[in-house]
Amino acid sequence: MTHNDIALLFLHGFPFSPEMWAPQREAFEAQGFRVVAPDLRLETSPATMDEMADKAIAALDAAAGEAAKAVVIGFSMGGYVAFSLLERYGDRVAGLALADTRAEADSEEGKAGRRALAANALEQGPQAAVDAMLHKLLSPKTTDRRPDVRREAERIMLSASPAAIAAAALGMAARQDRTASLGGIRVPTLVIVGEDDAITPPDVAEKMAGAIPGAALRVVPEAGHLSNLERPELFNEALSAWLSKL
Ligand code: MLT
C-alpha cells in the first residue's frame, strides 16, 4: 500500500476549525498522504456529533470516493465525532487516532457549563469562548515560551461564528457516553495526549487506551490540550511512527 492509498481524515476540536491542522496538513501531504480536514462547524443547534460525522464522511466521499477508507484522527471534540463515525461508518475506518479526547459524556455540571457558554457566545460573540477556554488549552510552558502559538489558537477561535459555537457546545452536551463501546473497537488505535493537558488529562487517555484492544498510547511532552499545535513535530512523529506500522 502506498501513502496515496490512505486518506487521513482529520477532525478538529472546539471551538476550532480545520486551520488547527495546518502543521499536520503540511507534514503529511509532504509524505504523500491524502489529507482531508473538513470544517465541522454547523449553525443549526444543537450540532450533534452524528451530524458532524455525516459532514466528515461527505468530505471523504468528495475527496477520495465513496469506497475510500481513511485513518480518522479526532482531536478532542473531533474524537467525540470519531466515535460516532466509527459506529455509523465503521467500514470506512482503517485506523483511529484519538488525540486529547475522552470517551465519557459530560457531567451535569459540564452540561450546565456548555449551556452557559452557548448563551454567552450568542450574546458576546466568540470572545466568550476565548475567555472561558484559552487559559486551559495550553501548557504553561507554551504560554511562557510560544506566544505565537497562543495567538494562533486565539485567532482560530475568534473566527468561529457565535451560532456555530453555541450549536457545537449544545451538541457536545448531548453526546453519548462511549466508555462501554471501547472494548469493541476492532481497528488499530493510537491514543495521543499532551503531558500537561488540563482538559482531557493523561490519566483519562491512559484509561481509554487501556480499554481499547491493542491500542498504543503516546504522551507528548511539554504540551497541553492543543498538543498538535504546541509540539507539532512530536505529535507528527508519534502519528507517523504509528501509521508506518498499519
Ligand atoms: C475541544 O478541544 O474540542 C474541547 O475542549 C472539547 C470539550 O470541550 O469537551
# chains A, B, ... in the order shown; residues from 1 in each chain; ligands from 1
>>> residues_near_ligand(ligand="ligand 1", cutoff="7 Å", atoms="only C-alpha atoms and all ligand atoms", output="PDB file with N, CA and C atoms, in the first residue's frame")
ATOM      1  N   GLY A  13     -11.158  20.207  16.776  1.00  0.00           N
ATOM      2  CA  GLY A  13     -11.765  20.385  18.097  1.00  0.00           C
ATOM      3  C   GLY A  13     -12.619  21.635  18.161  1.00  0.00           C
ATOM      4  N   PHE A  14     -13.057  21.926  19.369  1.00  0.00           N
ATOM      5  CA  PHE A  14     -13.977  23.037  19.649  1.00  0.00           C
ATOM      6  C   PHE A  14     -13.277  24.096  20.484  1.00  0.00           C
ATOM      7  N   PRO A  15     -13.440  25.369  20.185  1.00  0.00           N
ATOM      8  CA  PRO A  15     -14.140  25.939  19.036  1.00  0.00           C
ATOM      9  C   PRO A  15     -13.144  26.297  17.946  1.00  0.00           C
ATOM     10  N   PHE A  75      -9.422  15.048  17.199  1.00  0.00           N
ATOM     11  CA  PHE A  75      -8.881  15.821  18.318  1.00  0.00           C
ATOM     12  C   PHE A  75     -10.035  16.320  19.177  1.00  0.00           C
ATOM     13  N   SER A  76     -10.032  15.944  20.437  1.00  0.00           N
ATOM     14  CA  SER A  76     -10.977  16.438  21.429  1.00  0.00           C
ATOM     15  C   SER A  76     -12.427  16.294  20.948  1.00  0.00           C
ATOM     16  N   MET A  77     -13.144  17.377  20.596  1.00  0.00           N
ATOM     17  CA  MET A  77     -14.487  17.208  20.049  1.00  0.00           C
ATOM     18  C   MET A  77     -14.437  16.309  18.809  1.00  0.00           C
ATOM     19  N   GLY A  78     -13.373  16.440  18.032  1.00  0.00           N
ATOM     20  CA  GLY A  78     -13.213  15.578  16.851  1.00  0.00           C
ATOM     21  C   GLY A  78     -13.145  14.100  17.238  1.00  0.00           C
ATOM     22  N   MET A 172     -22.275  18.900  22.003  1.00  0.00           N
ATOM     23  CA  MET A 172     -21.377  18.114  22.868  1.00  0.00           C
ATOM     24  C   MET A 172     -22.066  17.736  24.171  1.00  0.00           C
ATOM     25  N   ILE A 199      -7.557  19.548  30.182  1.00  0.00           N
ATOM     26  CA  ILE A 199      -8.975  19.332  29.820  1.00  0.00           C
ATOM     27  C   ILE A 199      -9.269  17.829  29.717  1.00  0.00           C
TER      28      ILE A 199
END
>>> residues_around(residues="Asp177 in chain A", least_positions_apart="5", cutoff="7 Å", atoms="only C-alpha atoms", output="number ranges by chain")
A: 103-105
>>> write_last_selection(atoms="C-alpha atoms", output="tab-separated table (two decimals), in the first residue's frame")
chain	number	residue	atom	x	y	z
A	103	ALA	CA	-14.98	8.56	25.91
A	104	GLU	CA	-17.14	9.83	28.78
A	105	ALA	CA	-20.14	12.09	28.29
>>> closest_atom_pairs(of="range 128-204 of chain A", to="range 215-223 of chain A", cutoff="6 Å", atoms="only C-alpha atoms", output="JSON lines")
{"residue": "A:Ser139", "atom": "CA", "partner": "A:Ala223", "partner_atom": "CA", "distance": 5.3}
{"residue": "A:Thr189", "atom": "CA", "partner": "A:Ala215", "partner_atom": "CA", "distance": 4.8}
{"residue": "A:Leu190", "atom": "CA", "partner": "A:Ala216", "partner_atom": "CA", "distance": 4.8}
{"residue": "A:Val191", "atom": "CA", "partner": "A:Leu217", "partner_atom": "CA", "distance": 4.7}
{"residue": "A:Ile192", "atom": "CA", "partner": "A:Arg218", "partner_atom": "CA", "distance": 4.9}
{"residue": "A:Val193", "atom": "CA", "partner": "A:Val219", "partner_atom": "CA", "distance": 5.0}
{"residue": "A:Gly194", "atom": "CA", "partner": "A:Val220", "partner_atom": "CA", "distance": 4.6}
{"residue": "A:Glu195", "atom": "CA", "partner": "A:Pro221", "partner_atom": "CA", "distance": 5.3}
{"residue": "A:Asp196", "atom": "CA", "partner": "A:Ala223", "partner_atom": "CA", "distance": 5.6}
>>> write_last_selection(atoms="N, CA and C atoms", output="short mmCIF file (atom, residue, chain, number, x, y, z; two decimals), in the first residue's frame")
data_model
loop_
_atom_site.label_atom_id
_atom_site.label_comp_id
_atom_site.auth_asym_id
_atom_site.auth_seq_id
_atom_site.Cartn_x
_atom_site.Cartn_y
_atom_site.Cartn_z
N SER A 139 -0.29 24.27 27.58
CA SER A 139 0.64 24.01 28.67
C SER A 139 1.21 25.34 29.16
N THR A 189 -5.62 1.39 16.88
CA THR A 189 -5.91 2.67 17.54
C THR A 189 -4.68 3.23 18.24
N LEU A 190 -4.51 4.53 18.07
CA LEU A 190 -3.46 5.27 18.78
C LEU A 190 -4.15 6.33 19.64
N VAL A 191 -3.74 6.42 20.89
CA VAL A 191 -4.23 7.48 21.77
C VAL A 191 -3.05 8.42 22.02
N ILE A 192 -3.27 9.72 21.77
CA ILE A 192 -2.22 10.73 21.96
C ILE A 192 -2.72 11.74 22.99
N VAL A 193 -1.83 12.18 23.85
CA VAL A 193 -2.24 13.21 24.82
C VAL A 193 -1.03 14.07 25.21
N GLY A 194 -1.28 15.37 25.38
CA GLY A 194 -0.24 16.26 25.88
C GLY A 194 -0.01 16.00 27.36
N GLU A 195 1.25 16.01 27.78
CA GLU A 195 1.51 15.66 29.19
C GLU A 195 0.90 16.66 30.17
N ASP A 196 0.69 17.91 29.72
CA ASP A 196 0.09 18.93 30.59
C ASP A 196 -1.36 19.23 30.20
#
>>> closest_residue(among="A:Ala70, A:Ala62, A:Phe28, A:Phe33", to="Leu11 in chain A", atoms="only C-alpha atoms")
A:Ala70
>>> residues_around(residues="Leu85 in chain A", least_positions_apart="2", cutoff="8 Å", atoms="only C-alpha atoms", output="JSON, numbers by chain")
{"A": [50, 53, 54, 57, 81, 82, 83, 87, 88, 89, 90]}
>>> write_last_selection(atoms="C-alpha atoms", output="mmCIF file, in the first residue's frame")
data_model
loop_
_atom_site.group_PDB
_atom_site.id
_atom_site.type_symbol
_atom_site.label_atom_id
_atom_site.label_comp_id
_atom_site.auth_asym_id
_atom_site.auth_seq_id
_atom_site.Cartn_x
_atom_site.Cartn_y
_atom_site.Cartn_z
ATOM 1 C CA ASP A 50 -23.682 12.396 14.323
ATOM 2 C CA ALA A 53 -19.699 12.683 11.371
ATOM 3 C CA ASP A 54 -22.054 12.875 8.357
ATOM 4 C CA ILE A 57 -17.925 11.358 5.571
ATOM 5 C CA VAL A 81 -17.189 12.787 16.328
ATOM 6 C CA ALA A 82 -14.806 9.903 15.531
ATOM 7 C CA PHE A 83 -16.728 7.627 17.926
ATOM 8 C CA GLU A 87 -20.263 3.377 14.954
ATOM 9 C CA ARG A 88 -22.116 4.505 11.849
ATOM 10 C CA TYR A 89 -19.499 4.260 9.084
ATOM 11 C CA GLY A 90 -17.189 1.599 10.537
#
>>> residues_around(residues="Pro162 in chain A", least_positions_apart="4", cutoff="7 Å", atoms="only C-alpha atoms", output="short mmCIF file (atom, residue, chain, number, x, y, z; two decimals) with N, CA and C atoms, in the first residue's frame")
data_model
loop_
_atom_site.label_atom_id
_atom_site.label_comp_id
_atom_site.auth_asym_id
_atom_site.auth_seq_id
_atom_site.Cartn_x
_atom_site.Cartn_y
_atom_site.Cartn_z
N ALA A 121 -21.81 33.01 24.22
CA ALA A 121 -21.29 33.20 22.85
C ALA A 121 -22.33 33.92 22.00
N LEU A 122 -23.60 33.54 22.16
CA LEU A 122 -24.64 34.20 21.35
C LEU A 122 -24.77 35.68 21.73
N GLY A 125 -20.41 36.97 21.43
CA GLY A 125 -19.55 36.60 20.32
C GLY A 125 -18.45 35.62 20.74
N PRO A 126 -17.55 35.28 19.81
CA PRO A 126 -16.56 34.23 20.07
C PRO A 126 -15.57 34.56 21.19
N ALA A 166 -22.32 28.08 19.79
CA ALA A 166 -23.46 27.65 20.61
C ALA A 166 -23.94 26.27 20.16
#
>>> atom_distance(atom1="CA of His12 in chain A", atom2="CA of Ser227 in chain A")
12.4 Å
>>> select_by_dssp(residues="range 30-60 of chain A", states="helix (DSSP H, G or I)", output="MDAnalysis selection string")
chainID A and resid 30 49:60
>>> closest_residue(among="A:Leu42, A:Ala205, A:Ala30, A:Ala37", to="Ser161 in chain A", atoms="only C-alpha atoms")
A:Leu42
>>> select_by_dssp(residues="range 104-206 of chain A", states="strand (DSSP E)", output="list in words")
Thr189, Leu190, Val191, Ile192, Val193 and Gly194 of chain A
>>> closest_residue(among="A:Ala97, A:Ile6, A:Met49, A:Leu137", to="Ala68 in chain A", atoms="only C-alpha atoms")
A:Ile6
>>> residues_around(residues="Lys245 in chain A", least_positions_apart="3", cutoff="12 Å", atoms="only C-alpha atoms", output="list in words")
Met1, Gly95, Pro188, Thr189, Leu190, Ala216, Ala238, Leu239, Ser240, Ala241 and Trp242 of chain A
>>> closest_residue(among="A:Ala118, A:Leu226, A:Arg151, A:Met157", to="Ala47 in chain A", atoms="only C-alpha atoms")
A:Ala118
>>> closest_residue(among="A:Arg114, A:Arg178, A:Arg150, A:Lys207", to="Pro46 in chain A", atoms="only C-alpha atoms")
A:Arg114
